[in-house]
>>> print(open('upload-v8.tsv').read())   # TSV, C-alpha atoms
chain	number	residue	atom	x	y	z
Z	603	MET	CA	-24.52	-10.07	49.53
Z	604	PHE	CA	-22.32	-8.38	46.93
Z	605	ARG	CA	-21.34	-11.76	45.55
Z	606	VAL	CA	-23.51	-11.73	42.43
Z	607	PRO	CA	-22.72	-8.13	41.37
Z	608	LEU	CA	-19.05	-8.89	41.93
Z	609	LEU	CA	-19.24	-11.95	39.69
Z	610	VAL	CA	-21.04	-9.98	37.02
Z	611	ALA	CA	-18.38	-7.26	37.28
Z	612	VAL	CA	-15.61	-9.86	36.92
Z	613	ALA	CA	-17.27	-11.34	33.86
Z	614	LEU	CA	-17.77	-7.92	32.27
Z	615	ALA	CA	-14.23	-6.79	33.05
Z	616	VAL	CA	-12.78	-9.94	31.52
Z	617	ALA	CA	-15.05	-9.63	28.49
Z	618	PHE	CA	-14.34	-5.99	27.70
Z	619	GLY	CA	-10.70	-5.97	28.78
Z	620	GLY	CA	-9.92	-9.19	26.98
Z	621	GLY	CA	-11.97	-8.36	23.90
Z	622	ILE	CA	-10.46	-4.93	23.36
Z	623	ALA	CA	-6.90	-5.95	24.25
Z	624	SER	CA	-6.97	-8.99	21.98
Z	625	SER	CA	-8.39	-6.96	19.07
Z	626	VAL	CA	-5.76	-4.25	19.41
Z	627	TRP	CA	-3.04	-6.84	19.71
Z	628	ALA	CA	-4.24	-8.81	16.70
Z	629	LEU	CA	-4.45	-5.71	14.50
Z	630	LYS	CA	-0.99	-4.53	15.57
Z	631	ALA	CA	0.68	-7.90	15.25
Z	632	THR	CA	-0.32	-8.73	11.70
Z	633	VAL	CA	-1.78	-7.27	8.54
Z	634	GLY	CA	-4.06	-10.28	8.22
Z	635	PHE	CA	-3.99	-13.72	6.71
Z	636	GLY	CA	-2.99	-14.54	3.16
Z	637	SER	CA	0.60	-13.34	3.40
Z	638	ILE	CA	3.37	-14.72	1.25
Z	639	ALA	CA	6.67	-15.04	3.04
Z	640	ILE	CA	9.94	-15.68	1.24
Z	641	GLY	CA	12.72	-15.80	3.80
Z	642	PRO	CA	12.32	-12.65	5.91
Z	643	TRP	CA	10.29	-10.85	3.20
Z	644	VAL	CA	6.55	-10.67	3.74
Z	645	ALA	CA	3.90	-9.37	1.33
Z	646	PHE	CA	0.11	-9.27	1.35
Z	647	PRO	CA	-1.02	-9.52	-2.27
Z	648	ALA	CA	-4.75	-9.57	-1.47
Z	649	ALA	CA	-4.91	-7.03	1.37
Z	650	GLN	CA	-6.43	-4.31	-0.87
Z	651	THR	CA	-9.13	-6.49	-2.44
Z	652	ALA	CA	-12.74	-7.04	-1.46
Z	653	SER	CA	-11.93	-10.66	-0.69
Z	654	ALA	CA	-9.42	-9.71	2.02
Z	655	ASP	CA	-10.10	-11.32	5.38
Z	656	PRO	CA	-11.75	-9.28	8.17
Z	657	TYR	CA	-8.43	-8.77	9.95
Z	658	ALA	CA	-6.86	-7.34	6.81
Z	659	LYS	CA	-9.84	-5.05	6.28
Z	660	ALA	CA	-9.78	-3.82	9.88
Z	661	HIS	CA	-6.02	-3.31	9.69
Z	662	ARG	CA	-6.10	-1.29	6.48
Z	663	ALA	CA	-8.98	0.82	7.84
Z	664	ARG	CA	-6.90	1.58	10.93
Z	665	THR	CA	-3.68	2.47	9.16
Z	666	GLY	CA	-5.30	4.29	6.22
Z	667	GLU	CA	-2.45	3.55	3.84
Z	668	LEU	CA	-2.81	3.81	0.09
Z	669	LEU	CA	-2.25	0.21	-0.92
Z	670	PHE	CA	-0.90	-0.99	-4.24
Z	671	GLY	CA	-3.41	-2.39	-6.72
Z	672	SER	CA	-2.60	-5.75	-8.20
Z	673	ALA	CA	-1.50	-4.29	-11.56
Z	674	GLU	CA	0.62	-1.67	-9.83
Z	675	GLY	CA	2.99	-3.73	-7.80
Z	676	LEU	CA	3.66	-5.69	-4.68
Z	677	MET	CA	5.36	-4.42	-1.55
Z	678	PHE	CA	7.56	-6.78	0.43
Z	679	SER	CA	8.83	-5.75	3.82
Z	680	ALA	CA	11.37	-7.39	6.08
Z	681	ALA	CA	11.72	-6.74	9.81
Z	682	THR	CA	14.34	-9.42	10.41
Z	683	ASP	CA	17.43	-10.74	8.69
Z	684	ASP	CA	17.74	-14.26	7.28
Z	685	SER	CA	18.61	-15.71	10.69
Z	686	GLY	CA	15.42	-14.24	12.17
Z	687	GLU	CA	17.11	-11.51	14.19
Z	688	ARG	CA	15.49	-8.06	14.26
Z	689	LEU	CA	17.09	-5.51	11.92
Z	690	SER	CA	18.95	-2.94	14.00
Z	691	ALA	CA	20.03	0.41	12.55
Z	692	GLY	CA	23.32	0.20	14.43
Z	693	CYS	CA	24.39	-2.83	12.39
Z	694	SER	CA	25.44	-3.41	8.79
Z	695	TYR	CA	23.61	-5.78	6.49
Z	696	ASP	CA	24.29	-7.19	3.06
Z	697	ILE	CA	21.21	-7.56	0.87
Z	698	SER	CA	22.30	-9.81	-1.97
Z	699	GLY	CA	20.84	-11.86	-4.77
Z	700	ILE	CA	18.16	-11.13	-7.36
Z	701	THR	CA	14.51	-10.11	-7.24
Z	702	PRO	CA	11.54	-11.92	-8.79
Z	703	PRO	CA	10.74	-10.87	-12.37
Z	704	THR	CA	9.54	-7.27	-12.34
Z	705	ARG	CA	9.76	-4.16	-14.50
Z	706	PHE	CA	11.19	-2.02	-11.77
Z	707	TRP	CA	11.96	-2.32	-8.10
Z	708	THR	CA	12.80	0.07	-5.29
Z	709	LEU	CA	14.44	-0.58	-1.94
Z	710	TYR	CA	14.38	1.74	1.05
Z	711	ALA	CA	14.36	1.57	4.83
Z	712	THR	CA	11.53	2.58	7.15
Z	713	THR	CA	11.07	2.83	10.88
Z	714	ALA	CA	9.40	-0.06	12.67
Z	715	ASP	CA	5.99	1.62	12.23
Z	716	GLY	CA	6.45	2.24	8.53
Z	717	SER	CA	7.49	5.86	7.98
Z	718	THR	CA	10.27	6.26	5.47
Z	719	LEU	CA	13.78	6.94	6.80
Z	720	ARG	CA	15.29	10.05	5.24
Z	721	PRO	CA	18.89	10.35	6.41
Z	722	GLY	CA	19.46	13.55	4.47
Z	723	PRO	CA	19.77	14.78	0.90
Z	724	ASP	CA	23.48	13.96	0.63
Z	725	LEU	CA	23.19	10.31	1.61
Z	726	PRO	CA	21.89	7.45	-0.52
Z	727	SER	CA	18.67	6.55	1.26
Z	728	ALA	CA	17.02	4.47	-1.44
Z	729	ILE	CA	18.09	2.30	-4.34
Z	730	ASN	CA	16.20	1.21	-7.43
Z	731	SER	CA	16.76	-1.27	-10.22
Z	732	TRP	CA	18.17	1.41	-12.53
Z	733	THR	CA	20.71	2.81	-10.09
Z	734	VAL	CA	21.90	-0.43	-8.51
Z	735	LEU	CA	25.35	-1.71	-9.48
Z	736	ARG	CA	25.22	-5.33	-10.56
Z	737	ALA	CA	27.65	-8.16	-11.04
Z	738	ARG	CA	28.02	-9.75	-14.47
Z	739	ASP	CA	25.26	-12.30	-13.78
Z	740	SER	CA	22.93	-9.40	-12.82
Z	741	ARG	CA	23.02	-10.25	-9.13
Z	742	PHE	CA	23.58	-7.37	-6.77
Z	743	VAL	CA	24.88	-6.72	-3.28
Z	744	ILE	CA	23.49	-3.75	-1.37
Z	745	HIS	CA	25.18	-2.70	1.87
Z	746	ALA	CA	22.72	-1.24	4.35
Z	747	SER	CA	24.96	0.36	6.92
Z	748	PRO	CA	25.40	3.43	9.13
Z	749	VAL	CA	28.97	3.83	7.79
Z	750	ALA	CA	29.87	4.51	4.17
Z	751	LYS	CA	30.50	1.43	2.03
Z	752	PRO	CA	31.82	0.97	-1.50
Z	753	GLY	CA	29.43	-0.29	-4.16
Z	754	ASN	CA	25.72	-0.01	-3.39
Z	755	TRP	CA	25.36	1.78	-0.09
Z	756	LEU	CA	22.02	2.28	1.63
Z	757	ALA	CA	22.69	4.79	4.40
Z	758	LEU	CA	21.08	4.24	7.79
Z	759	ARG	CA	20.76	7.17	10.20
Z	760	HIS	CA	18.41	5.88	12.82
Z	761	ALA	CA	18.37	4.44	16.31
Z	762	GLY	CA	16.70	1.15	17.10
Z	763	SER	CA	15.05	-1.30	14.77
Z	764	PHE	CA	14.05	-0.66	11.19
Z	765	ARG	CA	12.42	-2.39	8.24
Z	766	LEU	CA	13.50	-2.87	4.68
Z	767	VAL	CA	10.85	-2.34	2.03
Z	768	LEU	CA	11.29	-3.85	-1.43
Z	769	THR	CA	8.59	-2.73	-3.86
Z	770	LEU	CA	8.19	-4.64	-7.10
Z	771	LEU	CA	6.38	-2.56	-9.73
Z	772	ASP	CA	4.35	-4.26	-12.45
Z	773	THR	CA	5.28	-7.74	-11.42
Z	774	PRO	CA	3.62	-11.06	-12.25
Z	775	THR	CA	4.37	-11.99	-8.64
Z	776	ALA	CA	1.29	-10.08	-7.50
Z	777	GLY	CA	-1.09	-12.29	-9.42
Z	778	SER	CA	0.61	-15.64	-9.29
Z	779	SER	CA	-0.22	-18.30	-6.83
Z	780	GLY	CA	2.78	-20.54	-7.45
Z	781	LEU	CA	5.04	-18.54	-5.22
Z	782	ILE	CA	7.44	-21.26	-4.27
Z	783	ASP	CA	10.17	-20.61	-6.80
Z	784	LEU	CA	10.51	-16.90	-6.21
Z	785	ASP	CA	14.00	-15.68	-5.48
Z	786	MET	CA	14.24	-12.83	-3.05
Z	787	PRO	CA	17.50	-11.19	-1.92
Z	788	LYS	CA	19.09	-12.54	1.21
Z	789	ILE	CA	19.67	-10.25	4.21
Z	790	VAL	CA	22.81	-11.13	6.13
Z	791	LYS	CA	24.27	-9.22	9.06
Z	792	THR	CA	27.92	-8.35	8.52
Z	793	GLY	CA	28.73	-6.60	11.77
Z	794	CYS	CA	27.66	-4.04	14.30
Z	795	GLY	CA	29.03	-0.71	15.47
Z	796	ASN	CA	31.67	1.04	13.42
Z	797	ALA	CA	33.56	-2.16	12.64
L	1364	MET	CA	-14.67	-20.44	44.04
L	1365	ARG	CA	-16.52	-22.36	41.36
L	1366	SER	CA	-18.69	-19.36	40.60
L	1367	VAL	CA	-15.63	-17.09	40.18
L	1368	LEU	CA	-14.21	-19.53	37.65
L	1369	PHE	CA	-17.57	-19.60	35.96
L	1370	ALA	CA	-17.64	-15.79	35.83
L	1371	ILE	CA	-14.18	-15.72	34.23
L	1372	LEU	CA	-15.27	-18.35	31.72
L	1373	VAL	CA	-18.33	-16.32	30.81
L	1374	GLY	CA	-16.05	-13.28	30.56
L	1375	LEU	CA	-13.69	-15.06	28.18
L	1376	PHE	CA	-16.62	-16.13	26.05
L	1377	GLY	CA	-17.77	-12.52	25.96
L	1378	ALA	CA	-14.24	-11.39	25.11
L	1379	ALA	CA	-14.15	-13.73	22.11
L	1380	LEU	CA	-17.51	-12.41	20.98
L	1381	LEU	CA	-16.42	-8.81	21.44
L	1382	HIS	CA	-13.18	-9.49	19.58
L	1383	ILE	CA	-15.15	-10.69	16.56
L	1384	VAL	CA	-17.54	-7.75	16.74
L	1385	ILE	CA	-14.70	-5.21	17.00
L	1386	VAL	CA	-12.72	-6.67	14.10
L	1387	LEU	CA	-15.78	-6.87	11.86
L	1388	ALA	CA	-17.14	-3.45	12.77
L	1389	LEU	CA	-13.88	-1.52	12.87
L	1390	PRO	CA	-13.71	-0.61	9.14
L	1391	GLN	CA	-16.94	1.40	9.52
L	1392	PHE	CA	-15.77	3.34	12.55
L	1393	THR	CA	-12.07	4.16	12.39
L	1394	GLY	CA	-12.52	7.52	10.68
L	1395	ARG	CA	-8.96	7.34	9.43
L	1396	ASP	CA	-9.26	4.82	6.65
L	1397	ALA	CA	-7.87	5.75	3.28
L	1398	TYR	CA	-11.21	6.85	1.79
L	1399	THR	CA	-12.00	9.22	4.68
L	1400	ARG	CA	-8.52	10.68	4.42
L	1401	VAL	CA	-8.86	11.27	0.70
L	1402	LEU	CA	-12.23	12.97	1.30
L	1403	ASP	CA	-10.58	15.17	3.93
L	1404	LEU	CA	-8.42	16.70	1.21
L	1405	LEU	CA	-11.62	18.49	0.11
L	1406	GLU	CA	-10.53	18.12	-3.45
L	1407	MET	CA	-13.08	16.60	-5.81
L	1408	ASP	CA	-12.59	15.93	-9.50
L	1409	SER	CA	-8.88	16.56	-9.72
L	1410	PHE	CA	-5.78	14.67	-8.66
L	1411	PHE	CA	-4.17	15.99	-5.51
L	1412	PRO	CA	-0.40	15.37	-5.34
L	1413	LEU	CA	0.76	14.07	-1.97
L	1414	THR	CA	3.93	15.13	-0.19
L	1415	ALA	CA	6.59	12.80	1.11
L	1416	GLU	CA	5.87	13.75	4.71
L	1417	PRO	CA	2.36	13.00	5.98
L	1418	GLY	CA	0.11	16.03	5.54
L	1419	PRO	CA	-2.79	17.02	7.84
L	1420	THR	CA	-4.80	14.09	6.55
L	1421	GLY	CA	-2.01	11.60	7.25
L	1422	LEU	CA	-1.69	10.63	3.60
L	1423	ARG	CA	1.80	10.50	2.19
L	1424	SER	CA	3.82	9.31	-0.72
L	1425	GLY	CA	6.11	6.94	1.16
L	1426	ASN	CA	8.20	5.51	-1.64
L	1427	PRO	CA	11.10	7.88	-2.46
L	1428	PHE	CA	10.87	7.09	-6.17
L	1429	LEU	CA	7.11	7.18	-6.59
L	1430	ARG	CA	5.07	10.38	-6.68
L	1431	THR	CA	1.48	9.78	-5.68
L	1432	ALA	CA	-1.69	11.74	-6.38
L	1433	VAL	CA	-5.21	10.91	-5.21
L	1434	CYS	CA	-8.66	11.91	-6.37
L	1435	SER	CA	-12.02	11.21	-4.81
L	1436	PHE	CA	-14.95	10.89	-7.16
L	1437	SER	CA	-18.57	9.96	-7.34
L	1438	VAL	CA	-20.33	8.32	-10.27
L	1439	ALA	CA	-23.82	8.91	-8.86
L	1440	ASP	CA	-24.72	11.53	-11.49
L	1441	ALA	CA	-22.35	10.92	-14.35
L	1442	PRO	CA	-19.38	8.70	-15.21
L	1443	THR	CA	-15.93	9.88	-14.20
L	1444	ARG	CA	-13.16	10.10	-16.74
L	1445	PHE	CA	-9.48	9.78	-15.80
L	1446	ILE	CA	-6.91	11.21	-18.17
L	1447	ALA	CA	-3.13	11.44	-17.88
L	1448	ARG	CA	-0.41	11.48	-20.47
L	1449	GLY	CA	3.25	12.29	-20.54
L	1450	PRO	CA	6.69	10.75	-20.85
L	1451	VAL	CA	7.24	9.02	-17.52
L	1452	PRO	CA	9.08	5.69	-17.23
L	1453	PHE	CA	6.21	4.09	-15.37
L	1454	TRP	CA	2.82	5.06	-14.06
L	1455	SER	CA	0.04	3.08	-12.45
L	1456	LEU	CA	-3.51	3.75	-11.38
L	1457	SER	CA	-5.77	2.01	-8.91
L	1458	VAL	CA	-9.47	2.67	-8.41
L	1459	PHE	CA	-10.91	1.86	-4.99
L	1460	ASP	CA	-14.47	1.98	-3.73
L	1461	SER	CA	-15.51	3.74	-0.52
L	1462	GLY	CA	-14.62	0.63	1.48
L	1463	SER	CA	-11.06	0.86	0.10
L	1464	ASN	CA	-11.53	-2.31	-1.91
L	1465	GLU	CA	-9.71	-2.43	-5.21
L	1466	VAL	CA	-12.09	-2.09	-8.16
L	1467	PHE	CA	-9.57	-1.86	-10.96
L	1468	SER	CA	-5.88	-1.27	-11.44
L	1469	MET	CA	-3.69	-0.73	-14.45
L	1470	ASN	CA	-0.29	0.55	-15.50
L	1471	ASP	CA	1.19	2.13	-18.60
L	1472	HIS	CA	1.78	-1.23	-20.28
L	1473	THR	CA	-1.84	-2.23	-19.97
L	1474	ALA	CA	-3.05	1.15	-21.30
L	1475	VAL	CA	-3.76	2.10	-24.90
L	1476	ASN	CA	-0.65	3.84	-26.34
L	1477	GLY	CA	0.67	4.18	-22.79
L	1478	ASN	CA	-1.81	6.98	-22.01
L	1479	LEU	CA	-4.34	6.90	-19.24
L	1480	ASP	CA	-7.90	7.25	-20.51
L	1481	LEU	CA	-10.34	5.49	-18.26
L	1482	ILE	CA	-14.08	5.76	-17.70
L	1483	VAL	CA	-15.57	4.59	-14.43
L	1484	ALA	CA	-19.35	4.26	-14.50
L	1485	THR	CA	-22.26	2.55	-12.86
L	1486	PRO	CA	-23.64	-0.48	-14.75
L	1487	ILE	CA	-26.59	1.56	-16.05
L	1488	GLN	CA	-24.41	4.44	-17.29
L	1489	LEU	CA	-22.14	1.91	-18.92
L	1490	VAL	CA	-25.00	0.35	-20.88
L	1491	GLU	CA	-25.87	3.80	-22.23
L	1492	LEU	CA	-22.28	4.56	-23.14
L	1493	ARG	CA	-21.93	1.25	-24.94
L	1494	LYS	CA	-25.20	1.71	-26.82
L	1495	SER	CA	-24.02	4.92	-28.46
L	1496	PRO	CA	-20.32	5.38	-27.76
L	1497	PRO	CA	-19.23	9.02	-28.08
L	1498	GLU	CA	-16.50	9.80	-30.61
L	1499	GLU	CA	-13.96	10.90	-28.00
L	1500	LEU	CA	-14.19	7.67	-26.01
L	1501	THR	CA	-13.07	5.26	-28.74
L	1502	GLN	CA	-9.69	4.79	-27.02
L	1503	ALA	CA	-11.00	4.80	-23.49
L	1504	ILE	CA	-11.11	1.81	-21.20
L	1505	MET	CA	-14.49	1.47	-19.51
L	1506	ILE	CA	-15.03	-0.24	-16.21
L	1507	GLU	CA	-18.08	-0.55	-14.06
L	1508	MET	CA	-18.28	0.16	-10.37
L	1509	LYS	CA	-21.15	-0.98	-8.18
L	1510	ASP	CA	-20.36	1.43	-5.39
L	1511	GLU	CA	-21.08	5.06	-6.31
L	1512	GLU	CA	-18.25	6.69	-4.39
L	1513	GLY	CA	-14.59	5.94	-4.41
L	1514	TYR	CA	-11.09	7.23	-4.90
L	1515	ALA	CA	-8.30	6.75	-7.37
L	1516	VAL	CA	-4.57	6.65	-6.74
L	1517	LEU	CA	-2.19	7.65	-9.52
L	1518	ARG	CA	1.49	6.88	-9.12
L	1519	ALA	CA	4.33	7.98	-11.36
L	1520	LEU	CA	7.92	6.86	-11.18
L	1521	ALA	CA	10.96	9.14	-10.96
L	1522	PRO	CA	13.98	6.81	-10.90
L	1523	PHE	CA	16.40	9.77	-10.78
L	1524	ASP	CA	16.02	13.34	-9.61
L	1525	SER	CA	16.21	14.52	-13.22
L	1526	PHE	CA	12.80	12.94	-13.88
L	1527	GLU	CA	11.26	15.11	-11.20
L	1528	GLU	CA	9.90	17.78	-13.53
L	1529	GLN	CA	8.39	15.34	-16.03
L	1530	VAL	CA	6.69	13.45	-13.25
L	1531	ARG	CA	5.36	16.61	-11.65
L	1532	ASP	CA	3.94	17.75	-15.00
L	1533	PHE	CA	2.42	14.33	-15.53
L	1534	LEU	CA	0.59	14.47	-12.21
L	1535	THR	CA	-0.51	18.11	-12.44
L	1536	ASP	CA	-1.81	17.67	-15.99
L	1537	SER	CA	-3.79	14.57	-15.08
L	1538	SER	CA	-7.49	14.96	-14.52
L	1539	CYS	CA	-10.39	13.06	-13.05
L	1540	GLN	CA	-13.61	14.79	-14.06
L	1541	LEU	CA	-17.22	14.01	-14.61
L	1542	PHE	CA	-17.84	12.98	-18.17
L	1543	ARG	CA	-20.77	14.62	-19.88
L	1544	ARG	CA	-21.75	14.19	-23.50
L	1545	SER	CA	-21.16	17.32	-25.46
>>> encode(input="upload-v8.tsv", output="C-alpha cells")
Amino acid sequence: MFRVPLLVAVALAVAFGGGIASSVWALKATVGFGSIAIGPWVAFPAAQTASADPYAKAHRARTGELLFGSAEGLMFSAATDDSGERLSAGCSYDISGITPPTRFWTLYATTADGSTLRPGPDLPSAINSWTVLRARDSRFVIHASPVAKPGNWLALRHAGSFRLVLTLLDTPTAGSSGLIDLDMPKIVKTGCGNA
Amino acid sequence: MRSVLFAILVGLFGAALLHIVIVLALPQFTGRDAYTRVLDLLEMDSFFPLTAEPGPTGLRSGNPFLRTAVCSFSVADAPTRFIARGPVPFWSLSVFDSGSNEVFSMNDHTAVNGNLDLIVATPIQLVELRKSPPEELTQAIMIEMKDEEGYAVLRALAPFDSFEEQVRDFLTDSSCQLFRRS
C-alpha cells in the first residue's frame, strides 16, 4: 500500500539529487562554453560579456571574480603540462617559447582553486614581460620549480597541484576569432623532487 | 519492477529540468557575484583599492603586478564621470552592469592623451549631453548604458616594486562621481 508514495519519493529523490549534483558538478568542472585552448592553456574571451552562455553566467555569479574586459586583456590558465599531466608543486617545469602579440604579460602560479601563491617576499613568485630574461630571438625559458634555478626562476612553495596563469594585457588575441596560429609557451616537466 | 524503472526515468527527467532551472536562475540568487560584492564595500562614487588578499567581501587583486580598484555607481539621476590620470605604464578600465556583463572597456592606448575621462549615461541623458555639450567634456568619451546600476574596475600596472607609489597615487587620485552641469 506504500507502493505509490515510495515511487513518488524515488522520482523526487532522483530529480532533486540528480539536478542539484549535476548543476554543482557542471559549474565546478568548467567556466562555460566558448573557451579557446592552445595546448594546456585555456582562456574564456567571452565569459564577461552579455552574450556568455548560461553556464558561464552562473559560474561567474558563483565565483564573483572581477573579470577582464575585452580591451583590458585575456587570462590564460593551465592546470596541466603539455603531456596532459596535472601540474604538481613538487616538480619542476620549463615554460618556454613566446607569447601571442601583446603589450605586456604576467605569469604567476595559483592554487587549484585560483588564489595566488605567495611564497614570500624574498622569492620570485611572478614574472612579467619586462623582467623576463630572453634569448636573442626573444624566446624565453622560465623555470617553475621548488628549488632555485639560474635564469628565470618562478619559485613554488606549495603542496599538491597548482595552476599557471598567463595574463596578456591589451592583446588583439582577446578580440580575434582566428586563434589557430597563436603561439603559447610550452610547459614541459623536467623532474620531480630535489633532483 | 517496471514502475520503479518508470519512477527513476521520471526522476531523471525532473533532474534535467531542475538542472536547467538552477543554471539559469543561479545568477539572480548567489549573493556573491561581483556586483553584490562591490556593493558590499559600501563605497559609492569613488574608487576603492583592493588588497592582494581577499577582504571581507571576497574581492581581491589577484595579479601580483596589477593593482585593482572598484567603484559602484548609478546613472539613475545623473551621468557618472570617471577620471584618472598619472604616469603609469598601463592602465585599463572596464564598466559592467549589475548583471556583471561588460558594457565597455578601454585602456590607456584607446584613451585621449592617455588619460581616463569617461562619461557613462543613460540614452536619454546622453541625448541631452550631445545636444549642448558642456565645455569640460570636450575630451571625454561618452558611452551609454541601458542598465542604471553597475560597477567599474580600474587596473593599473606596476611591473616593478619601484612603480608602487605612482600606481597608488594613480588609483587614489582617480574618481568616479556624478556629473552635474555647473
>>> interface_residues(input="upload-v8.tsv", of="chain L", to="chain Z", cutoff="8 Å", atoms="only C-alpha atoms", output="PDB file with C-alpha atoms, keeping the file's coordinate frame")
ATOM      1  CA  SER L1366     -18.690 -19.360  40.600  1.00  0.00           C
ATOM      2  CA  VAL L1367     -15.630 -17.090  40.180  1.00  0.00           C
ATOM      3  CA  ALA L1370     -17.640 -15.790  35.830  1.00  0.00           C
ATOM      4  CA  ILE L1371     -14.180 -15.720  34.230  1.00  0.00           C
ATOM      5  CA  LEU L1372     -15.270 -18.350  31.720  1.00  0.00           C
ATOM      6  CA  VAL L1373     -18.330 -16.320  30.810  1.00  0.00           C
ATOM      7  CA  GLY L1374     -16.050 -13.280  30.560  1.00  0.00           C
ATOM      8  CA  LEU L1375     -13.690 -15.060  28.180  1.00  0.00           C
ATOM      9  CA  PHE L1376     -16.620 -16.130  26.050  1.00  0.00           C
ATOM     10  CA  GLY L1377     -17.770 -12.520  25.960  1.00  0.00           C
ATOM     11  CA  ALA L1378     -14.240 -11.390  25.110  1.00  0.00           C
ATOM     12  CA  ALA L1379     -14.150 -13.730  22.110  1.00  0.00           C
ATOM     13  CA  LEU L1380     -17.510 -12.410  20.980  1.00  0.00           C
ATOM     14  CA  LEU L1381     -16.420  -8.810  21.440  1.00  0.00           C
ATOM     15  CA  HIS L1382     -13.180  -9.490  19.580  1.00  0.00           C
ATOM     16  CA  ILE L1385     -14.700  -5.210  17.000  1.00  0.00           C
ATOM     17  CA  VAL L1386     -12.720  -6.670  14.100  1.00  0.00           C
ATOM     18  CA  LEU L1387     -15.780  -6.870  11.860  1.00  0.00           C
ATOM     19  CA  ALA L1388     -17.140  -3.450  12.770  1.00  0.00           C
ATOM     20  CA  LEU L1389     -13.880  -1.520  12.870  1.00  0.00           C
ATOM     21  CA  PRO L1390     -13.710  -0.610   9.140  1.00  0.00           C
ATOM     22  CA  THR L1393     -12.070   4.160  12.390  1.00  0.00           C
ATOM     23  CA  ARG L1395      -8.960   7.340   9.430  1.00  0.00           C
ATOM     24  CA  ASP L1396      -9.260   4.820   6.650  1.00  0.00           C
ATOM     25  CA  ALA L1397      -7.870   5.750   3.280  1.00  0.00           C
ATOM     26  CA  TYR L1398     -11.210   6.850   1.790  1.00  0.00           C
ATOM     27  CA  ARG L1400      -8.520  10.680   4.420  1.00  0.00           C
ATOM     28  CA  LEU L1422      -1.690  10.630   3.600  1.00  0.00           C
ATOM     29  CA  GLY L1425       6.110   6.940   1.160  1.00  0.00           C
ATOM     30  CA  ASN L1426       8.200   5.510  -1.640  1.00  0.00           C
ATOM     31  CA  PRO L1427      11.100   7.880  -2.460  1.00  0.00           C
ATOM     32  CA  PHE L1428      10.870   7.090  -6.170  1.00  0.00           C
ATOM     33  CA  SER L1455       0.040   3.080 -12.450  1.00  0.00           C
ATOM     34  CA  LEU L1456      -3.510   3.750 -11.380  1.00  0.00           C
ATOM     35  CA  SER L1457      -5.770   2.010  -8.910  1.00  0.00           C
ATOM     36  CA  SER L1463     -11.060   0.860   0.100  1.00  0.00           C
ATOM     37  CA  ASN L1464     -11.530  -2.310  -1.910  1.00  0.00           C
ATOM     38  CA  GLU L1465      -9.710  -2.430  -5.210  1.00  0.00           C
ATOM     39  CA  VAL L1466     -12.090  -2.090  -8.160  1.00  0.00           C
ATOM     40  CA  PHE L1467      -9.570  -1.860 -10.960  1.00  0.00           C
ATOM     41  CA  SER L1468      -5.880  -1.270 -11.440  1.00  0.00           C
ATOM     42  CA  MET L1469      -3.690  -0.730 -14.450  1.00  0.00           C
ATOM     43  CA  ASN L1470      -0.290   0.550 -15.500  1.00  0.00           C
ATOM     44  CA  VAL L1516      -4.570   6.650  -6.740  1.00  0.00           C
ATOM     45  CA  PRO L1522      13.980   6.810 -10.900  1.00  0.00           C
TER      46      PRO L1522
END
>>> residues_around(input="upload-v8.tsv", residues="Pro787 (chain Z)", least_positions_apart="3", cutoff="6 Å", atoms="only C-alpha atoms", output="tab-separated table (two decimals) with C-alpha atoms, keeping the file's coordinate frame")
chain	number	residue	atom	x	y	z
Z	697	ILE	CA	21.21	-7.56	0.87
Z	698	SER	CA	22.30	-9.81	-1.97
Z	699	GLY	CA	20.84	-11.86	-4.77
Z	700	ILE	CA	18.16	-11.13	-7.36
>>> atom_distance(input="upload-v8.tsv", atom1="CA of Ala639 (chain Z)", atom2="CA of Leu784 (chain Z)")
10.2 Å
>>> atom_distance(input="upload-v8.tsv", atom1="CA of Asp1460 (chain L)", atom2="CA of Glu1511 (chain L)")
7.7 Å
>>> residues_around(input="upload-v8.tsv", residues="Leu1481 (chain L)", least_positions_apart="4", cutoff="8 Å", atoms="only C-alpha atoms", output="list in words")
Arg1444, Phe1445, Ile1446, Ala1503, Ile1504, Met1505 and Ile1506 of chain L
>>> write_last_selection(input="upload-v8.tsv", atoms="C-alpha atoms", output="CSV table (one decimal), in the coordinates of the input")
chain,number,residue,atom,x,y,z
L,1444,ARG,CA,-13.2,10.1,-16.7
L,1445,PHE,CA,-9.5,9.8,-15.8
L,1446,ILE,CA,-6.9,11.2,-18.2
L,1503,ALA,CA,-11.0,4.8,-23.5
L,1504,ILE,CA,-11.1,1.8,-21.2
L,1505,MET,CA,-14.5,1.5,-19.5
L,1506,ILE,CA,-15.0,-0.2,-16.2
>>> atom_distance(input="upload-v8.tsv", atom1="CA of Pro726 (chain Z)", atom2="CA of Asp1471 (chain L)")
28.0 Å
>>> residues_around(input="upload-v8.tsv", residues="Asp1524 (chain L)", least_positions_apart="2", cutoff="12 Å", atoms="all atoms listed in the file", output="ChimeraX atom specification")
/Z:723,733 /L:1427-1430,1520-1522,1526-1531
>>> residues_around(input="upload-v8.tsv", residues="Asp1403 (chain L)", least_positions_apart="4", cutoff="12 Å", atoms="all atoms listed in the file", output="CSV table (one decimal) with C-alpha atoms, in the coordinates of the input")
chain,number,residue,atom,x,y,z
L,1394,GLY,CA,-12.5,7.5,10.7
L,1395,ARG,CA,-9.0,7.3,9.4
L,1396,ASP,CA,-9.3,4.8,6.6
L,1397,ALA,CA,-7.9,5.8,3.3
L,1398,TYR,CA,-11.2,6.8,1.8
L,1399,THR,CA,-12.0,9.2,4.7
L,1407,MET,CA,-13.1,16.6,-5.8
L,1411,PHE,CA,-4.2,16.0,-5.5
L,1418,GLY,CA,0.1,16.0,5.5
L,1419,PRO,CA,-2.8,17.0,7.8
L,1420,THR,CA,-4.8,14.1,6.6
L,1421,GLY,CA,-2.0,11.6,7.2
L,1422,LEU,CA,-1.7,10.6,3.6
L,1433,VAL,CA,-5.2,10.9,-5.2
L,1434,CYS,CA,-8.7,11.9,-6.4
L,1435,SER,CA,-12.0,11.2,-4.8
L,1514,TYR,CA,-11.1,7.2,-4.9
>>> residues_near_point(input="upload-v8.tsv", point="(-0.1, 3.5, -19.4)", cutoff="9 Å", atoms="only C-alpha atoms", output="ChimeraX atom specification")
/L:1447-1448,1453-1456,1469-1480
>>> closest_residue(input="upload-v8.tsv", among="Z:Ala714, Z:Gly793, Z:Ser740, Z:Lys751", to="Arg688 (chain Z)", atoms="only C-alpha atoms")
Z:Ala714
